[in-house]
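For reference, work_18.txt (compact mmCIF, N, CA and C atoms):
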# COMPACT_ATOMS: atom_id res chain seq x y z
N MET A 253 0.85 -1.17 0.00
CA MET A 253 0.00 0.00 0.00
C MET A 253 0.90 1.24 0.00
N PRO A 254 1.40 1.59 -1.16
CA PRO A 254 2.36 2.70 -1.24
C PRO A 254 1.79 4.04 -0.81
N ASN A 255 0.48 4.23 -0.93
CA ASN A 255 -0.13 5.50 -0.56
C ASN A 255 -0.94 5.42 0.72
N GLY A 256 -0.61 4.45 1.57
CA GLY A 256 -1.37 4.28 2.81
C GLY A 256 -2.56 3.38 2.59
N GLY A 257 -3.33 3.19 3.62
CA GLY A 257 -4.50 2.33 3.54
C GLY A 257 -4.65 1.56 4.83
N THR A 258 -5.56 0.62 4.83
CA THR A 258 -5.84 -0.18 6.02
C THR A 258 -5.59 -1.64 5.72
N LEU A 259 -4.91 -2.31 6.63
CA LEU A 259 -4.67 -3.75 6.53
C LEU A 259 -5.50 -4.41 7.62
N THR A 260 -6.34 -5.36 7.22
CA THR A 260 -7.22 -6.05 8.16
C THR A 260 -6.94 -7.55 8.13
N LEU A 261 -6.80 -8.16 9.30
CA LEU A 261 -6.63 -9.60 9.43
C LEU A 261 -7.82 -10.16 10.19
N ARG A 262 -8.37 -11.26 9.70
CA ARG A 262 -9.49 -11.93 10.36
C ARG A 262 -9.25 -13.42 10.36
N THR A 263 -9.80 -14.09 11.35
CA THR A 263 -9.82 -15.55 11.35
C THR A 263 -11.26 -15.98 11.54
N ARG A 264 -11.59 -17.13 10.99
CA ARG A 264 -12.94 -17.66 11.18
C ARG A 264 -12.91 -19.17 11.00
N GLN A 265 -13.92 -19.80 11.53
CA GLN A 265 -14.06 -21.24 11.38
C GLN A 265 -15.06 -21.52 10.27
N GLY A 266 -14.80 -22.56 9.47
CA GLY A 266 -15.72 -22.93 8.40
C GLY A 266 -17.06 -23.37 8.96
N ALA A 267 -18.09 -23.32 8.14
CA ALA A 267 -19.45 -23.67 8.58
C ALA A 267 -19.53 -25.08 9.13
N ASP A 268 -18.81 -26.02 8.52
CA ASP A 268 -18.86 -27.41 9.00
C ASP A 268 -17.77 -27.71 10.03
N LYS A 269 -17.03 -26.69 10.44
CA LYS A 269 -15.98 -26.78 11.46
C LYS A 269 -14.80 -27.67 11.05
N SER A 270 -14.71 -28.04 9.78
CA SER A 270 -13.58 -28.85 9.34
C SER A 270 -12.45 -28.00 8.76
N THR A 271 -12.71 -26.70 8.60
CA THR A 271 -11.70 -25.79 8.07
C THR A 271 -11.63 -24.51 8.91
N VAL A 272 -10.50 -23.84 8.79
CA VAL A 272 -10.34 -22.50 9.35
C VAL A 272 -9.86 -21.60 8.23
N ALA A 273 -10.14 -20.32 8.35
CA ALA A 273 -9.71 -19.37 7.33
C ALA A 273 -8.96 -18.22 7.99
N ILE A 274 -7.92 -17.80 7.31
CA ILE A 274 -7.20 -16.59 7.68
C ILE A 274 -7.43 -15.63 6.52
N GLU A 275 -8.03 -14.49 6.82
CA GLU A 275 -8.34 -13.52 5.77
C GLU A 275 -7.46 -12.29 5.94
N VAL A 276 -6.84 -11.87 4.84
CA VAL A 276 -6.00 -10.68 4.82
C VAL A 276 -6.59 -9.75 3.77
N GLU A 277 -6.91 -8.52 4.19
CA GLU A 277 -7.54 -7.57 3.28
C GLU A 277 -6.84 -6.22 3.40
N ASP A 278 -6.63 -5.57 2.26
CA ASP A 278 -6.07 -4.22 2.32
C ASP A 278 -6.85 -3.28 1.42
N THR A 279 -6.78 -2.02 1.76
CA THR A 279 -7.45 -0.99 0.96
C THR A 279 -6.40 -0.23 0.16
N GLY A 280 -5.54 -0.98 -0.50
CA GLY A 280 -4.47 -0.39 -1.31
C GLY A 280 -4.94 -0.11 -2.72
N THR A 281 -4.10 -0.46 -3.68
CA THR A 281 -4.38 -0.11 -5.08
C THR A 281 -5.10 -1.21 -5.85
N GLY A 282 -5.24 -2.38 -5.27
CA GLY A 282 -5.89 -3.49 -5.97
C GLY A 282 -4.95 -4.16 -6.95
N ILE A 283 -5.42 -5.23 -7.55
CA ILE A 283 -4.62 -6.02 -8.50
C ILE A 283 -5.32 -5.98 -9.85
N THR A 284 -4.58 -5.65 -10.89
CA THR A 284 -5.18 -5.59 -12.22
C THR A 284 -5.53 -6.99 -12.71
N PRO A 285 -6.52 -7.11 -13.59
CA PRO A 285 -6.86 -8.42 -14.14
C PRO A 285 -5.68 -9.08 -14.85
N GLU A 286 -4.82 -8.27 -15.48
CA GLU A 286 -3.65 -8.83 -16.17
C GLU A 286 -2.70 -9.52 -15.20
N ASN A 287 -2.58 -8.98 -13.99
CA ASN A 287 -1.67 -9.55 -13.00
C ASN A 287 -2.30 -10.63 -12.14
N MET A 288 -3.61 -10.67 -12.09
CA MET A 288 -4.31 -11.61 -11.20
C MET A 288 -3.93 -13.06 -11.49
N HIS A 289 -3.83 -13.43 -12.76
CA HIS A 289 -3.54 -14.84 -13.09
C HIS A 289 -2.07 -15.21 -12.89
N ARG A 290 -1.20 -14.23 -12.58
CA ARG A 290 0.23 -14.52 -12.39
C ARG A 290 0.68 -14.36 -10.95
N LEU A 291 -0.23 -14.10 -10.05
CA LEU A 291 0.13 -13.80 -8.66
C LEU A 291 1.03 -14.84 -8.00
N PHE A 292 0.77 -16.10 -8.25
CA PHE A 292 1.48 -17.17 -7.56
C PHE A 292 2.64 -17.75 -8.38
N THR A 293 2.96 -17.11 -9.49
CA THR A 293 4.07 -17.55 -10.33
C THR A 293 5.38 -17.13 -9.68
N PRO A 294 6.30 -18.08 -9.46
CA PRO A 294 7.58 -17.71 -8.86
C PRO A 294 8.29 -16.63 -9.67
N PHE A 295 8.84 -15.66 -8.97
CA PHE A 295 9.62 -14.55 -9.51
C PHE A 295 8.78 -13.49 -10.22
N PHE A 296 7.45 -13.61 -10.20
CA PHE A 296 6.62 -12.54 -10.76
C PHE A 296 6.51 -11.43 -9.73
N THR A 297 6.80 -10.21 -10.13
CA THR A 297 6.67 -9.07 -9.24
C THR A 297 6.29 -7.83 -10.05
N THR A 298 5.60 -6.93 -9.41
CA THR A 298 5.28 -5.64 -10.03
C THR A 298 6.16 -4.54 -9.45
N LYS A 299 7.05 -4.93 -8.54
CA LYS A 299 7.93 -3.96 -7.89
C LYS A 299 9.15 -3.67 -8.77
N PRO A 300 9.79 -2.52 -8.54
CA PRO A 300 11.00 -2.21 -9.31
C PRO A 300 12.12 -3.20 -8.99
N VAL A 301 13.09 -3.28 -9.89
CA VAL A 301 14.25 -4.17 -9.70
C VAL A 301 14.91 -3.84 -8.36
N GLY A 302 15.19 -4.90 -7.61
CA GLY A 302 15.84 -4.73 -6.31
C GLY A 302 14.89 -4.51 -5.15
N LYS A 303 13.59 -4.40 -5.41
CA LYS A 303 12.62 -4.14 -4.35
C LYS A 303 11.78 -5.35 -3.99
N GLY A 304 11.85 -6.40 -4.77
CA GLY A 304 11.07 -7.60 -4.47
C GLY A 304 11.55 -8.76 -5.31
N THR A 305 11.44 -9.96 -4.76
CA THR A 305 11.91 -11.14 -5.49
C THR A 305 10.81 -11.85 -6.24
N GLY A 306 9.56 -11.60 -5.87
CA GLY A 306 8.46 -12.32 -6.50
C GLY A 306 8.29 -13.73 -5.97
N LEU A 307 8.82 -13.99 -4.79
CA LEU A 307 8.71 -15.34 -4.22
C LEU A 307 7.69 -15.44 -3.10
N GLY A 308 7.29 -14.34 -2.50
CA GLY A 308 6.39 -14.37 -1.34
C GLY A 308 5.11 -15.14 -1.57
N LEU A 309 4.33 -14.75 -2.56
CA LEU A 309 3.05 -15.43 -2.80
C LEU A 309 3.24 -16.83 -3.35
N ALA A 310 4.32 -17.07 -4.08
CA ALA A 310 4.60 -18.43 -4.57
C ALA A 310 4.87 -19.36 -3.40
N ILE A 311 5.58 -18.88 -2.40
CA ILE A 311 5.86 -19.68 -1.20
C ILE A 311 4.58 -19.92 -0.41
N VAL A 312 3.78 -18.88 -0.23
CA VAL A 312 2.50 -19.03 0.48
C VAL A 312 1.64 -20.08 -0.23
N TYR A 313 1.55 -20.00 -1.54
CA TYR A 313 0.76 -20.95 -2.32
C TYR A 313 1.25 -22.38 -2.07
N GLY A 314 2.56 -22.58 -2.12
CA GLY A 314 3.12 -23.91 -1.89
C GLY A 314 2.80 -24.45 -0.51
N ILE A 315 2.91 -23.61 0.50
CA ILE A 315 2.62 -24.04 1.87
C ILE A 315 1.15 -24.41 2.02
N ILE A 316 0.26 -23.59 1.49
CA ILE A 316 -1.17 -23.85 1.61
C ILE A 316 -1.53 -25.15 0.88
N LYS A 317 -1.00 -25.35 -0.32
CA LYS A 317 -1.28 -26.59 -1.07
C LYS A 317 -0.71 -27.81 -0.36
N MET A 318 0.47 -27.67 0.24
CA MET A 318 1.10 -28.77 0.96
C MET A 318 0.21 -29.23 2.13
N HIS A 319 -0.55 -28.30 2.70
CA HIS A 319 -1.45 -28.62 3.81
C HIS A 319 -2.88 -28.88 3.33
N ARG A 320 -3.03 -29.10 2.03
CA ARG A 320 -4.31 -29.41 1.41
C ARG A 320 -5.36 -28.30 1.60
N GLY A 321 -4.88 -27.08 1.53
CA GLY A 321 -5.77 -25.93 1.66
C GLY A 321 -5.99 -25.25 0.33
N GLN A 322 -6.59 -24.08 0.38
CA GLN A 322 -6.82 -23.31 -0.84
C GLN A 322 -6.71 -21.82 -0.54
N ILE A 323 -6.44 -21.05 -1.58
CA ILE A 323 -6.36 -19.60 -1.48
C ILE A 323 -7.39 -19.01 -2.43
N ILE A 324 -8.17 -18.08 -1.92
CA ILE A 324 -9.15 -17.37 -2.74
C ILE A 324 -8.74 -15.90 -2.74
N VAL A 325 -8.58 -15.32 -3.93
CA VAL A 325 -8.17 -13.93 -4.06
C VAL A 325 -9.29 -13.15 -4.72
N GLN A 326 -9.62 -12.01 -4.14
CA GLN A 326 -10.59 -11.10 -4.75
C GLN A 326 -9.98 -9.71 -4.74
N SER A 327 -10.14 -8.97 -5.83
CA SER A 327 -9.56 -7.64 -5.89
C SER A 327 -10.38 -6.73 -6.78
N GLN A 328 -10.41 -5.48 -6.39
CA GLN A 328 -11.04 -4.44 -7.20
C GLN A 328 -9.99 -3.35 -7.37
N VAL A 329 -9.60 -3.10 -8.61
CA VAL A 329 -8.54 -2.12 -8.89
C VAL A 329 -8.90 -0.77 -8.28
N GLY A 330 -7.92 -0.20 -7.57
CA GLY A 330 -8.11 1.11 -6.97
C GLY A 330 -8.82 1.10 -5.64
N TRP A 331 -9.18 -0.09 -5.13
CA TRP A 331 -9.95 -0.08 -3.90
C TRP A 331 -9.51 -1.12 -2.88
N VAL A 332 -9.64 -2.41 -3.18
CA VAL A 332 -9.42 -3.41 -2.15
C VAL A 332 -8.92 -4.73 -2.75
N THR A 333 -8.13 -5.45 -1.96
CA THR A 333 -7.72 -6.81 -2.31
C THR A 333 -7.87 -7.67 -1.06
N SER A 334 -8.40 -8.88 -1.23
CA SER A 334 -8.50 -9.79 -0.08
C SER A 334 -8.01 -11.18 -0.48
N PHE A 335 -7.29 -11.79 0.46
CA PHE A 335 -6.81 -13.17 0.33
C PHE A 335 -7.46 -13.96 1.45
N SER A 336 -8.08 -15.06 1.11
CA SER A 336 -8.64 -15.97 2.12
C SER A 336 -7.87 -17.28 2.03
N LEU A 337 -7.15 -17.61 3.11
CA LEU A 337 -6.36 -18.83 3.18
C LEU A 337 -7.17 -19.85 3.96
N ASN A 338 -7.65 -20.87 3.29
CA ASN A 338 -8.51 -21.88 3.92
C ASN A 338 -7.72 -23.16 4.14
N LEU A 339 -7.72 -23.63 5.39
CA LEU A 339 -6.94 -24.81 5.76
C LEU A 339 -7.80 -25.81 6.51
N PRO A 340 -7.55 -27.10 6.31
CA PRO A 340 -8.27 -28.10 7.09
C PRO A 340 -7.83 -28.02 8.56
N VAL A 341 -8.78 -28.28 9.46
CA VAL A 341 -8.46 -28.23 10.89
C VAL A 341 -7.49 -29.34 11.24
N ARG A 342 -7.69 -30.51 10.68
CA ARG A 342 -6.81 -31.64 10.94
C ARG A 342 -6.17 -32.07 9.62
N PRO A 343 -4.87 -32.34 9.67
CA PRO A 343 -4.23 -32.81 8.44
C PRO A 343 -4.72 -34.20 8.09
N PRO A 344 -4.60 -34.58 6.83
CA PRO A 344 -5.01 -35.94 6.46
C PRO A 344 -4.16 -36.96 7.20
N ARG A 345 -4.78 -38.08 7.52
CA ARG A 345 -4.05 -39.13 8.24
C ARG A 345 -3.02 -39.76 7.31
N LEU A 346 -1.84 -39.95 7.87
CA LEU A 346 -0.78 -40.60 7.11
C LEU A 346 -0.84 -42.09 7.36
N LYS A 347 -0.42 -42.85 6.39
CA LYS A 347 -0.36 -44.29 6.58
C LYS A 347 0.68 -44.59 7.65
N THR A 348 0.43 -45.64 8.42
CA THR A 348 1.38 -46.04 9.45
C THR A 348 2.69 -46.44 8.79
N PRO A 349 3.80 -45.86 9.25
CA PRO A 349 5.08 -46.23 8.63
C PRO A 349 5.41 -47.69 8.87
N VAL A 350 5.99 -48.30 7.87
CA VAL A 350 6.38 -49.71 7.95
C VAL A 350 7.88 -49.76 8.16
N ALA A 351 8.31 -50.62 9.09
CA ALA A 351 9.74 -50.76 9.36
C ALA A 351 10.44 -51.30 8.12
N PRO A 352 11.60 -50.74 7.78
CA PRO A 352 12.34 -51.25 6.63
C PRO A 352 12.73 -52.71 6.83
N GLN A 353 12.69 -53.48 5.77
CA GLN A 353 13.04 -54.90 5.82
C GLN A 353 14.55 -55.07 5.65
N GLY A 354 15.09 -56.13 6.25
CA GLY A 354 16.48 -56.47 6.03
C GLY A 354 17.46 -55.80 6.99
N LEU A 355 16.96 -55.04 7.97
CA LEU A 355 17.86 -54.42 8.93
C LEU A 355 18.10 -55.35 10.10
N ILE A 356 19.29 -55.34 10.62
CA ILE A 356 19.63 -56.18 11.76
C ILE A 356 19.64 -55.31 13.00
N GLU A 357 18.95 -55.75 14.04
CA GLU A 357 18.94 -54.99 15.28
C GLU A 357 20.29 -55.10 15.97
N ALA A 358 20.76 -53.99 16.49
CA ALA A 358 22.03 -54.00 17.23
C ALA A 358 21.85 -54.73 18.55
N GLU A 359 22.90 -55.40 18.98
CA GLU A 359 22.85 -56.09 20.27
C GLU A 359 22.87 -55.05 21.38
N LYS A 360 22.20 -55.36 22.48
CA LYS A 360 22.15 -54.44 23.61
C LYS A 360 23.18 -54.88 24.64
N HIS A 361 23.97 -53.93 25.16
CA HIS A 361 24.98 -54.20 26.17
C HIS A 361 24.88 -53.15 27.26
N ASP A 362 25.17 -53.55 28.49
CA ASP A 362 25.27 -52.59 29.59
C ASP A 362 26.68 -52.03 29.59
N ALA A 363 26.80 -50.75 29.90
CA ALA A 363 28.12 -50.13 29.95
C ALA A 363 28.15 -49.10 31.06
N THR A 364 29.30 -48.89 31.63
CA THR A 364 29.50 -47.86 32.64
C THR A 364 30.54 -46.89 32.11
N VAL A 365 30.19 -45.61 32.14
CA VAL A 365 31.12 -44.59 31.66
C VAL A 365 31.75 -43.93 32.87
N ILE A 366 33.07 -43.92 32.94
CA ILE A 366 33.80 -43.30 34.05
C ILE A 366 34.48 -42.07 33.50
N GLY A 367 34.23 -40.95 34.12
CA GLY A 367 34.82 -39.75 33.54
C GLY A 367 35.33 -38.79 34.49
Any chance you could put this one into structure tokens?
Amino acid sequence: MPNGGTLTLRTRQGADKSTVAIEVEDTGTGITPENMHRLFTPFFTTKPVGKGTGLGLAIVYGIIKMHRGQIIVQSQVGWVTSFSLNLPVRPPRLKTPVAPQGLIEAEKHDATVIG
């Protein structure tokens, strides 16, 4: 928000209580339709050279997807942009790990350390 504005953070629980949302909204300049489809592309930035890497939203996208969540972006040029990060309350259950085959258990010995 180069010209000032308001940044609002909200949290809420999904209607079925299986998800939570973190909402980030600003009253900055908004996102143009041309840039909207490239927001999560690594190294995409609208900032001048040396002022941004274009990795922030790409990293956020990766983290949210890794946790089986989703991001919803809404923007109106010249007025407001909002990001809603929706995440499951509980991560999906992982399969029980199986012990690797062919390993030999080490023998157990009692020892006294004198120091």
Take the point (-5.3, -10.3, -4.7) as written in the file and pick out every residue within 7 Å of it, counting all atoms listed in the file; give the list as an mmCIF file with N, CA and C atoms, keeping the file's coordinate frame.
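Printed below is part-v1.cif as written:
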data_model
loop_
_atom_site.group_PDB
_atom_site.id
_atom_site.type_symbol
_atom_site.label_atom_id
_atom_site.label_comp_id
_atom_site.auth_asym_id
_atom_site.auth_seq_id
_atom_site.Cartn_x
_atom_site.Cartn_y
_atom_site.Cartn_z
ATOM 1 N N GLY A 282 -5.240 -2.380 -5.270
ATOM 2 C CA GLY A 282 -5.890 -3.490 -5.970
ATOM 3 C C GLY A 282 -4.950 -4.160 -6.950
ATOM 4 N N ILE A 283 -5.420 -5.230 -7.550
ATOM 5 C CA ILE A 283 -4.620 -6.020 -8.500
ATOM 6 C C ILE A 283 -5.320 -5.980 -9.850
ATOM 7 N N MET A 288 -3.610 -10.670 -12.090
ATOM 8 C CA MET A 288 -4.310 -11.610 -11.200
ATOM 9 C C MET A 288 -3.930 -13.060 -11.490
ATOM 10 N N ILE A 324 -8.170 -18.080 -1.920
ATOM 11 C CA ILE A 324 -9.150 -17.370 -2.740
ATOM 12 C C ILE A 324 -8.740 -15.900 -2.740
ATOM 13 N N VAL A 325 -8.580 -15.320 -3.930
ATOM 14 C CA VAL A 325 -8.170 -13.930 -4.060
ATOM 15 C C VAL A 325 -9.290 -13.150 -4.720
ATOM 16 N N GLN A 326 -9.620 -12.010 -4.140
ATOM 17 C CA GLN A 326 -10.590 -11.100 -4.750
ATOM 18 C C GLN A 326 -9.980 -9.710 -4.740
ATOM 19 N N SER A 327 -10.140 -8.970 -5.830
ATOM 20 C CA SER A 327 -9.560 -7.640 -5.890
ATOM 21 C C SER A 327 -10.380 -6.730 -6.780
ATOM 22 N N VAL A 332 -9.640 -2.410 -3.180
ATOM 23 C CA VAL A 332 -9.420 -3.410 -2.150
ATOM 24 C C VAL A 332 -8.920 -4.730 -2.750
ATOM 25 N N THR A 333 -8.130 -5.450 -1.960
ATOM 26 C CA THR A 333 -7.720 -6.810 -2.310
ATOM 27 C C THR A 333 -7.870 -7.670 -1.060
ATOM 28 N N SER A 334 -8.400 -8.880 -1.230
ATOM 29 C CA SER A 334 -8.500 -9.790 -0.080
ATOM 30 C C SER A 334 -8.010 -11.180 -0.480
ATOM 31 N N PHE A 335 -7.290 -11.790 0.460
ATOM 32 C CA PHE A 335 -6.810 -13.170 0.330
ATOM 33 C C PHE A 335 -7.460 -13.960 1.450
#
**OP:** In the coordinate frame of the file, compute which residues have an atom within 7 Å of (-11.2, -22.7, 2.1) when using only C-alpha atoms, and state them as number ranges by chain.
**Re:** A: 271, 273, 321-323, 337-339
**OP:** Please indicate the distance in Å from atom N of Phe292 of chain A to atom N of Ser270 of chain A, rounded to one decimal place.
**Re:**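 Between these atoms lies a distance of 26.6 Å.
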Original post:
Neighbours of Val272 of chain A within 5 Å (all atoms listed in the file; same-chain residues fewer than 3 positions away dropped), as a list in words?
Top reply: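 So the residues in contact are Arg264, Gln265, Gly266, Asn338, Leu339, Pro340 and Val341 of chain A.
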Original post:
Closest to Thr263 of chain A among A:Glu275, A:Ile311, A:Gln328, A:Pro285, using all atoms listed in the file?
Top reply: A:Glu275
